[in-house]
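Peer 1: data_39.txt is reproduced below (compact mmCIF, C-alpha atoms).
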```
# COMPACT_ATOMS: atom_id res chain seq x y z
CA MET A 30 0.00 0.00 0.00
CA GLN A 31 2.43 2.60 -1.28
CA THR A 32 1.36 6.07 -2.36
CA ASP A 33 3.87 8.60 -3.66
CA ILE A 34 4.03 10.31 -0.25
CA ALA A 35 4.55 6.99 1.52
CA LYS A 36 7.42 6.20 -0.82
CA LYS A 37 8.93 9.64 -0.36
CA LEU A 38 8.87 9.29 3.42
CA GLY A 39 9.97 5.67 3.34
CA ILE A 40 6.95 4.36 5.26
CA GLU A 41 5.06 1.14 4.55
CA PHE A 42 1.51 2.43 4.99
CA PRO A 43 0.15 5.96 4.30
CA ILE A 44 -1.28 6.24 7.82
CA PHE A 45 -0.26 9.34 9.78
CA ALA A 46 -0.94 9.35 13.53
CA PHE A 47 -1.10 12.67 15.37
CA THR A 48 -0.59 12.23 19.10
CA HIS A 49 0.81 14.01 22.15
CA CYS A 50 2.30 10.74 23.41
CA ARG A 51 5.84 9.78 22.43
CA ASP A 52 5.14 6.06 23.00
CA VAL A 53 2.38 6.16 20.38
CA VAL A 54 4.70 7.94 17.92
CA VAL A 55 7.23 5.15 18.24
CA ALA A 56 4.65 2.33 18.10
CA VAL A 57 2.96 3.69 14.96
CA SER A 58 6.20 4.33 13.08
CA LYS A 59 7.49 0.87 13.98
CA ALA A 60 4.23 -0.63 12.67
CA GLY A 61 4.74 0.97 9.27
CA GLY A 62 2.88 4.29 9.60
CA LEU A 63 4.19 7.71 10.57
CA GLY A 64 3.83 8.88 14.15
CA VAL A 65 3.54 12.66 14.54
CA LEU A 66 4.19 14.26 17.93
CA GLY A 67 2.06 17.29 18.84
CA ALA A 68 4.40 19.92 20.25
CA VAL A 69 1.76 22.13 21.89
CA GLY A 70 2.17 21.93 25.64
CA PHE A 71 5.94 21.46 25.50
CA THR A 72 8.51 24.15 26.10
CA PRO A 73 11.38 24.00 23.60
CA GLU A 74 13.50 22.36 26.29
CA GLN A 75 10.84 19.73 27.02
CA LEU A 76 10.38 19.06 23.31
CA GLU A 77 14.11 18.37 23.00
CA VAL A 78 13.82 15.76 25.75
CA GLU A 79 10.82 14.11 24.05
CA LEU A 80 12.49 13.98 20.65
CA ASN A 81 15.71 12.57 22.09
CA TRP A 82 13.66 9.79 23.70
CA ILE A 83 11.88 9.05 20.42
CA ASP A 84 15.19 8.98 18.54
CA GLU A 85 16.53 6.40 21.00
CA HIS A 86 13.50 4.10 20.73
CA ILE A 87 12.25 4.37 17.15
CA GLY A 88 15.10 2.49 15.48
CA ASP A 89 15.60 3.24 11.79
CA HIS A 90 12.08 4.63 11.34
CA VAL A 91 11.10 8.27 10.80
CA TYR A 92 8.46 10.43 12.44
CA GLY A 93 6.94 13.91 12.35
CA VAL A 94 6.35 16.90 14.63
CA ASP A 95 3.24 19.09 14.68
CA ILE A 96 3.51 22.76 15.73
CA VAL A 97 0.89 25.50 16.04
CA ILE A 98 1.37 28.87 14.37
CA PRO A 99 -2.15 30.20 13.71
CA GLY A 100 -2.77 32.24 10.59
CA LYS A 101 -4.07 35.04 12.85
CA TYR A 102 -3.69 35.53 16.58
CA GLU A 103 -3.09 38.20 19.20
CA GLY A 104 0.54 39.25 19.24
CA MET A 105 1.36 38.19 15.67
CA GLY A 106 4.89 39.16 14.71
CA ALA A 107 6.26 39.10 18.24
CA THR A 108 9.68 37.50 18.54
CA ASP A 109 10.24 37.80 22.30
CA ALA A 110 8.20 35.05 23.98
CA ASP A 111 8.55 36.44 27.50
CA LYS A 112 7.45 39.95 26.50
CA LEU A 113 4.57 38.57 24.42
CA GLU A 114 3.35 36.53 27.38
CA GLU A 115 3.44 39.55 29.71
CA ASP A 116 1.65 41.75 27.17
CA LEU A 117 -1.09 39.18 26.65
CA LYS A 118 -1.52 38.59 30.38
CA ALA A 119 -2.28 42.28 30.80
CA MET A 120 -5.11 41.96 28.25
CA ILE A 121 -6.91 39.11 30.02
CA PRO A 122 -9.94 40.18 32.11
CA GLN A 123 -9.79 39.00 35.70
CA GLU A 124 -13.38 37.73 35.46
CA HIS A 125 -12.20 34.98 33.09
CA ARG A 126 -9.59 33.76 35.54
CA ASP A 127 -12.11 33.93 38.39
CA PHE A 128 -14.65 31.99 36.33
CA VAL A 129 -12.16 29.16 35.69
CA GLN A 130 -11.27 28.98 39.38
CA LYS A 131 -14.96 28.89 40.30
CA LEU A 132 -15.70 26.07 37.87
CA LEU A 133 -12.84 23.93 39.14
CA ALA A 134 -13.66 24.65 42.78
CA GLU A 135 -17.29 23.65 42.24
CA HIS A 136 -16.04 20.28 40.97
CA ASN A 137 -13.53 19.90 43.81
CA VAL A 138 -10.49 19.88 41.54
CA PRO A 139 -7.42 20.59 43.72
CA ASP A 140 -5.16 23.48 42.88
CA LEU A 141 -1.49 23.07 42.02
CA PRO A 142 1.46 24.38 44.02
CA GLU A 143 2.82 27.53 42.40
CA GLU A 144 6.15 25.89 41.62
CA GLU A 145 4.46 23.10 39.64
CA ARG A 146 2.47 25.34 37.34
CA MET A 147 3.58 25.45 33.73
CA ARG A 148 3.93 28.76 31.94
CA GLU A 149 0.72 29.96 30.35
CA LEU A 150 1.93 30.71 26.82
CA ILE A 151 3.18 27.45 25.37
CA GLY A 152 3.24 26.34 21.77
CA PHE A 153 1.17 29.06 20.06
CA GLY A 154 2.57 31.54 17.57
CA THR A 155 5.93 32.25 15.99
CA ALA A 156 7.66 33.32 19.20
CA ILE A 157 7.00 29.92 20.81
CA ALA A 158 6.57 27.51 17.91
CA GLY A 159 9.56 28.97 16.03
CA PRO A 160 12.09 27.54 18.51
CA GLN A 161 10.11 24.28 18.56
CA ALA A 162 10.47 24.05 14.78
CA GLU A 163 14.21 24.67 14.99
CA ILE A 164 14.58 21.86 17.52
CA ALA A 165 12.47 19.46 15.46
CA LEU A 166 14.49 20.17 12.32
CA SER A 167 17.73 19.43 14.16
CA HIS A 168 16.67 15.80 14.57
CA GLU A 169 17.61 13.62 11.62
CA LYS A 170 14.73 11.17 12.05
CA VAL A 171 12.12 13.95 11.89
CA ALA A 172 10.99 13.69 8.28
CA LEU A 173 7.89 15.90 8.44
CA LEU A 174 6.94 19.17 10.12
CA ALA A 175 3.24 20.03 10.17
CA ASN A 176 1.47 23.25 11.12
CA ALA A 177 -1.93 22.75 12.70
CA LEU A 178 -3.42 26.21 12.14
CA GLY A 179 -2.81 28.40 9.14
CA THR A 180 -0.13 28.61 6.48
CA PRO A 181 3.38 28.26 7.94
CA PRO A 182 5.50 31.43 7.81
CA PRO A 183 7.88 31.63 4.80
CA ASP A 184 11.00 31.32 6.97
CA VAL A 185 9.70 28.08 8.51
CA ILE A 186 8.92 26.64 5.07
CA ASP A 187 12.39 27.62 3.82
CA SER A 188 14.07 26.09 6.88
CA VAL A 189 12.23 22.80 6.38
CA HIS A 190 13.22 22.61 2.73
CA GLU A 191 16.82 23.54 3.46
CA LYS A 192 16.98 20.52 5.76
CA GLY A 193 15.60 18.28 3.01
CA LYS A 194 12.42 17.55 4.95
CA LEU A 195 8.73 17.92 4.09
CA ILE A 196 6.27 20.46 5.48
CA ALA A 197 2.52 19.99 5.79
CA ALA A 198 -0.35 22.23 6.86
CA LEU A 199 -3.92 21.51 7.88
CA CYS A 200 -6.90 23.19 6.25
CA GLY A 201 -10.66 23.21 6.60
CA SER A 202 -11.56 24.76 3.26
CA ALA A 203 -10.46 24.84 -0.37
CA SER A 204 -9.39 28.48 -0.07
CA GLN A 205 -7.05 27.65 2.81
CA ALA A 206 -5.65 24.76 0.78
CA ALA A 207 -4.95 27.11 -2.11
CA ARG A 208 -3.01 29.44 0.20
CA HIS A 209 -0.96 26.53 1.51
CA LYS A 210 -0.14 25.43 -2.05
CA ALA A 211 0.84 28.95 -3.11
CA ALA A 212 3.17 29.23 -0.11
CA GLY A 213 5.08 26.11 -1.12
CA VAL A 214 3.69 23.61 1.39
CA ASP A 215 4.53 20.03 0.36
CA ILE A 216 1.44 18.29 1.76
CA VAL A 217 -2.01 19.67 2.54
CA ILE A 218 -4.04 17.91 5.24
CA ALA A 219 -7.76 18.45 4.61
CA GLN A 220 -9.63 17.97 7.89
CA GLY A 221 -13.40 17.75 7.90
CA THR A 222 -15.52 19.04 10.75
CA GLU A 223 -15.99 15.51 12.13
CA GLY A 224 -12.38 15.49 13.34
CA GLY A 225 -11.20 16.15 16.87
CA GLY A 226 -9.41 19.30 17.91
CA HIS A 227 -9.43 22.44 15.76
CA THR A 228 -11.74 21.96 12.79
CA GLY A 229 -13.74 23.99 10.32
CA GLU A 230 -17.40 23.62 9.42
CA ILE A 231 -17.26 21.52 6.23
CA GLY A 232 -17.80 17.75 6.33
CA SER A 233 -15.05 15.46 5.08
CA MET A 234 -16.94 13.98 2.11
CA VAL A 235 -17.56 17.49 0.78
CA LEU A 236 -14.19 18.96 1.76
CA TRP A 237 -11.81 16.35 0.38
CA PRO A 238 -12.82 16.57 -3.31
CA GLU A 239 -13.02 20.37 -3.12
CA VAL A 240 -9.45 20.50 -1.82
CA LEU A 241 -8.19 17.94 -4.32
CA ASP A 242 -9.59 20.03 -7.15
CA VAL A 243 -7.52 23.09 -6.17
CA LEU A 244 -4.31 21.28 -5.27
CA GLY A 245 -3.43 19.74 -8.60
CA ASP A 246 -0.12 17.90 -8.15
CA THR A 247 0.26 18.88 -4.49
CA PRO A 248 -0.58 15.77 -2.44
CA MET A 249 -3.43 15.75 0.07
CA LEU A 250 -3.90 13.71 3.22
CA ALA A 251 -7.51 13.13 4.25
CA ALA A 252 -8.46 13.87 7.86
CA GLY A 253 -11.61 14.24 9.90
CA GLY A 254 -13.30 11.34 11.61
CA ILE A 255 -11.15 8.58 10.12
CA GLY A 256 -10.97 5.51 12.31
CA SER A 257 -11.35 2.52 10.00
CA GLY A 258 -9.94 0.96 6.86
CA ARG A 259 -13.24 1.52 5.05
CA GLN A 260 -12.91 5.26 5.57
CA MET A 261 -9.29 5.06 4.50
CA ALA A 262 -10.33 3.27 1.30
CA ALA A 263 -12.89 6.00 0.56
CA ALA A 264 -10.26 8.72 1.02
CA LEU A 265 -7.73 6.95 -1.23
CA ALA A 266 -10.42 6.33 -3.85
CA MET A 267 -11.10 10.07 -3.98
CA GLY A 268 -7.45 10.84 -4.61
CA ALA A 269 -5.90 11.32 -1.18
CA GLN A 270 -2.37 10.00 -0.76
CA GLY A 271 -2.89 8.97 2.83
CA VAL A 272 -4.92 9.54 5.97
CA TRP A 273 -4.18 11.81 8.92
CA THR A 274 -5.66 10.37 12.11
CA GLY A 275 -5.75 11.69 15.66
CA SER A 276 -8.67 10.62 17.86
CA LEU A 277 -7.95 7.00 16.99
CA TRP A 278 -4.81 7.01 19.13
CA LEU A 279 -6.40 8.24 22.36
CA THR A 280 -7.46 4.76 23.44
CA VAL A 281 -4.52 2.63 22.31
CA ALA A 282 -2.48 0.71 24.85
CA GLU A 283 0.50 3.07 24.52
CA ALA A 284 -1.51 6.26 25.07
CA ASP A 285 -0.68 8.30 28.15
CA VAL A 286 -4.34 8.97 28.96
CA PRO A 287 -5.65 8.75 32.55
CA PRO A 288 -8.16 5.91 33.10
CA ALA A 289 -11.04 8.28 33.91
CA GLN A 290 -10.47 10.25 30.72
CA MET A 291 -10.13 7.12 28.60
CA GLN A 292 -13.37 5.75 30.07
CA ALA A 293 -15.11 8.96 29.04
CA TYR A 294 -14.10 8.19 25.44
CA PHE A 295 -15.41 4.61 25.70
CA ASP A 296 -18.72 5.81 27.16
CA ALA A 297 -19.29 8.50 24.52
CA THR A 298 -21.34 8.28 21.33
CA SER A 299 -20.71 10.16 18.12
CA LYS A 300 -23.42 12.62 19.21
CA ASP A 301 -21.54 13.63 22.35
CA THR A 302 -19.04 16.03 20.77
CA LEU A 303 -19.28 19.71 19.89
CA ARG A 304 -17.08 22.48 18.53
CA SER A 305 -16.24 24.87 21.36
CA ARG A 306 -13.91 27.83 21.81
CA SER A 307 -13.82 27.27 25.56
CA TRP A 308 -10.28 25.89 25.81
CA THR A 309 -8.12 27.43 23.07
CA GLY A 310 -10.12 30.36 21.71
CA LYS A 311 -10.68 28.70 18.32
CA PRO A 312 -13.43 26.18 17.47
CA CYS A 313 -12.19 22.83 18.74
CA ARG A 314 -14.18 19.58 18.67
CA MET A 315 -14.30 17.86 22.05
CA LEU A 316 -16.59 15.92 24.36
CA ARG A 317 -19.46 17.94 25.78
CA ASN A 318 -19.31 18.21 29.57
CA ASP A 319 -19.95 20.63 32.43
CA TRP A 320 -17.05 22.81 31.31
CA THR A 321 -18.27 23.30 27.74
CA ASP A 322 -21.86 23.84 28.92
CA ALA A 323 -20.71 26.56 31.32
CA TRP A 324 -18.87 28.46 28.60
CA GLU A 325 -21.82 28.14 26.24
CA ASP A 326 -24.08 29.89 28.76
CA PRO A 327 -24.49 33.53 27.59
CA ALA A 328 -24.70 34.65 31.23
CA ASN A 329 -21.06 33.64 31.75
CA PRO A 330 -17.84 35.12 30.30
CA GLN A 331 -17.37 34.38 26.63
CA PRO A 332 -14.14 32.74 25.39
CA LEU A 333 -11.27 35.03 24.45
CA GLY A 334 -9.27 34.74 21.25
CA MET A 335 -6.23 32.56 20.72
CA PRO A 336 -3.85 32.35 22.50
CA MET A 337 -5.32 34.29 25.44
CA GLN A 338 -8.10 31.76 26.12
CA PHE A 339 -5.57 28.98 26.53
CA MET A 340 -3.54 31.22 28.82
CA VAL A 341 -6.66 31.36 30.99
CA THR A 342 -7.32 27.61 30.79
CA SER A 343 -3.82 26.10 30.68
CA ASN A 344 -3.76 25.72 34.47
CA ALA A 345 -7.10 23.90 34.27
CA VAL A 346 -5.66 21.54 31.65
CA GLN A 347 -2.72 20.77 33.90
CA ARG A 348 -4.95 20.22 36.93
CA GLY A 349 -7.15 17.93 34.86
CA HIS A 350 -4.15 15.76 34.00
CA MET A 351 -2.96 15.79 37.60
CA TYR A 352 -6.38 15.02 39.13
CA PRO A 353 -8.33 13.17 36.39
CA GLU A 354 -10.88 11.60 38.71
CA GLN A 355 -11.93 14.92 40.27
CA ALA A 356 -11.81 16.72 36.92
CA LYS A 357 -13.72 14.16 34.86
CA ASP A 358 -16.69 16.52 34.32
CA VAL A 359 -14.54 19.57 33.51
CA GLN A 360 -11.76 17.80 31.63
CA PHE A 361 -10.33 18.92 28.28
CA ASN A 362 -11.32 16.00 26.03
CA PRO A 363 -10.55 16.88 22.39
CA VAL A 364 -11.88 14.09 20.18
CA GLY A 365 -13.70 13.60 16.90
CA GLN A 366 -17.07 12.07 16.16
CA ILE A 367 -15.36 8.73 15.54
CA VAL A 368 -15.31 8.42 19.35
CA GLY A 369 -18.61 6.57 19.08
CA ARG A 370 -16.74 3.56 17.67
CA PHE A 371 -14.22 3.31 20.51
CA GLU A 372 -14.96 0.11 22.41
CA LYS A 373 -11.72 -1.26 23.89
CA MET A 374 -8.03 -0.60 24.29
CA ARG A 375 -5.78 -2.09 21.61
CA PRO A 376 -2.06 -1.92 20.80
CA SER A 377 -1.19 0.63 18.12
CA ARG A 378 0.26 -2.10 15.93
CA ASP A 379 -3.07 -3.94 15.88
CA VAL A 380 -4.90 -0.73 14.96
CA ILE A 381 -2.56 -0.16 11.99
CA PHE A 382 -2.83 -3.70 10.69
CA GLU A 383 -6.61 -3.81 11.10
CA MET A 384 -6.96 -0.55 9.15
CA VAL A 385 -4.79 -1.88 6.34
CA GLU A 386 -6.66 -5.19 6.14
CA GLU A 387 -10.05 -3.47 6.16
CA CYS A 388 -8.90 -1.02 3.49
CA ILE A 389 -7.78 -3.88 1.25
CA GLU A 390 -11.10 -5.68 1.77
CA ALA A 391 -13.02 -2.51 0.86
CA ASN A 392 -10.98 -2.08 -2.31
CA GLU A 393 -11.58 -5.72 -3.24
CA ARG A 394 -15.34 -5.26 -2.80
CA MET A 395 -15.27 -2.25 -5.09
CA SER A 396 -13.12 -4.08 -7.64
CA ASN A 397 -15.50 -7.03 -7.63
CA LEU A 398 -18.44 -4.69 -8.04
CA MET A 399 -16.81 -2.99 -11.02
CA ASN A 400 -16.00 -6.35 -12.59
CA GLN A 401 -19.62 -7.47 -12.21
CA THR A 402 -20.76 -4.23 -13.82
CA SER A 403 -18.43 -4.62 -16.80
CA GLU A 404 -19.44 -8.27 -17.30
CA ALA A 405 -23.10 -7.30 -17.31
```
Once you've parsed the file, please lay out its structure as structure tokens.

Peer 2:
Amino acid sequence: MQTDIAKKLGIEFPIFAFTHCRDVVVAVSKAGGLGVLGAVGFTPEQLEVELNWIDEHIGDHVYGVDIVIPGKYEGMGATDADKLEEDLKAMIPQEHRDFVQKLLAEHNVPDLPEEERMRELIGFGTAIAGPQAEIALSHEKVALLANALGTPPPDVIDSVHEKGKLIAALCGSASQAARHKAAGVDIVIAQGTEGGGHTGEIGSMVLWPEVLDVLGDTPMLAAGGIGSGRQMAAALAMGAQGVWTGSLWLTVAEADVPPAQMQAYFDATSKDTLRSRSWTGKPCRMLRNDWTDAWEDPANPQPLGMPMQFMVTSNAVQRGHMYPEQAKDVQFNPVGQIVGRFEKMRPSRDVIFEMVEECIEANERMSNLMNQTSEA
């Protein structure tokens, strides 16, 4: 199952796995796909540690890194991360911070000692993601750098190409895809609204062909609610050169997901997600819970823009990871509509092989159908 992009990257299967867990990155790449580590949440120093660990455990396989430089955000153009953080802090209304504290207190989520709190501005924008990109590009086994929001800045694209690596960017519309192509992006990832995390409003089956039509020779990866080989077969049949998956890896055996949070995924149906700005400031698909309901209430503070909203909520994210049982009803649970198909924990290797087998079976069904049609 070799597409041109798979051959170029030297991977066996055109399955790309976005994850924040280094163990999943290694497991997927070793199984023949391409693990992609999400860098949001890591300082440059922490990212260096994570990538060194991956390098030591991944063998001769390659992997990718995903950064976040939005196409538009408060503080665009800033190069001093410390000054940008202080400037943005001054713009945040105190009522938003008080509202977060109130929500967590009502759910009995313990606070963190001051010395354990991470910095608020992590991973968003050029001032933060720029150093992350430099670190990623310094690692030989990093074959792909992806930008999750917006067209990557020209200097980032140039740096990637100078290192002989590939750069990708996600989009939620054909117009965004056209901008990525014009900027020199190597791979466009078209993510339908069904996907987890930051998504647009257009469904995958409508979005993918629209994007393919504007890309021409630029390869596209299909994303948005993909969790089976049948969906993979549909994407490849349309013209995609691979699939970009994310939610699928939240419930694998290697995932660093607290039991209470993982159980929430198993209990959910595909109707239990919504797009909310309550965590990052941009529409992000996640599980509906007390947190999202509170921010949807017009009587309460409305979410700020990116990255200020995440500066308000980053402490809540950290407390949720630290105290998952107490925070289960106010936890940050980004996930796509495919969550309704999550039933049990499986090793990443089994997930890869099952997708490939199911994709082959789907293609054989279509081939048999076409043969029957031609014989008739």

Peer 1: Identify, on the basis of all atoms listed in the file, every residue whose closest approach to Leu279 in chain A does not exceed 9 Å; exclude the query and any residue fewer than 6 positions from it along the same chain; express the result as JSON, numbers by chain.

Peer 2: {"A": [48, 285, 286, 291, 294, 364]}

Peer 1: Would you work out the distance separating CA of Gly226 in chain A from CA of Arg375 in chain A, expressed in Å to one decimal?

Peer 2: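 Computing it gives 22.0 Å between the two atoms.
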
Peer 1: Restricting the calculation to only C-alpha atoms, which member of A:Pro122, A:Gly271, A:Pro312, A:Gly93 is positioned closest to Lys194 in chain A?

Peer 2: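 Smallest separation from Lys194 in chain A among the options: A:Gly93.
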
Peer 1: Grab the CA of Ser58 in chain A to CA of Leu80 in chain A distance for me, in Å with one decimal place.

Peer 2: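 Separating CA of Ser58 in chain A from CA of Leu80 in chain A is a distance of 13.8 Å.
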
Peer 1: List the spatial neighbours of Lys357 in chain A as number ranges by chain - criterion: any atom at most 8 Å away, only C-alpha atoms, same-chain residues fewer than 3 positions off excluded.

Peer 2: A: 289-290, 293, 349, 353-354, 360

Peer 1: So that I can see what lies close to His86 in chain A, please list as a PDB file with C-alpha atoms, in the frame of the given file the residues with an atom at most 12 Å from it, counting all atoms listed in the file and leaving out residues fewer than 6 positions away in the same chain.

Peer 2:
```
ATOM      1  CA  ARG A  51       5.840   9.780  22.430  1.00  0.00           C
ATOM      2  CA  ASP A  52       5.140   6.060  23.000  1.00  0.00           C
ATOM      3  CA  VAL A  53       2.380   6.160  20.380  1.00  0.00           C
ATOM      4  CA  VAL A  54       4.700   7.940  17.920  1.00  0.00           C
ATOM      5  CA  VAL A  55       7.230   5.150  18.240  1.00  0.00           C
ATOM      6  CA  ALA A  56       4.650   2.330  18.100  1.00  0.00           C
ATOM      7  CA  SER A  58       6.200   4.330  13.080  1.00  0.00           C
ATOM      8  CA  LYS A  59       7.490   0.870  13.980  1.00  0.00           C
ATOM      9  CA  GLU A  79      10.820  14.110  24.050  1.00  0.00           C
ATOM     10  CA  LEU A  80      12.490  13.980  20.650  1.00  0.00           C
ATOM     11  CA  TYR A  92       8.460  10.430  12.440  1.00  0.00           C
ATOM     12  CA  LYS A 170      14.730  11.170  12.050  1.00  0.00           C
TER      13      LYS A 170
END
```

Peer 1: I'd like to know which of A:Gly258, A:Gly193, A:Pro248, A:Pro330 is closest to Ala391 in chain A, using only C-alpha atoms.

Peer 2: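 Among the listed residues, the smallest separation from Ala391 in chain A belongs to A:Gly258.
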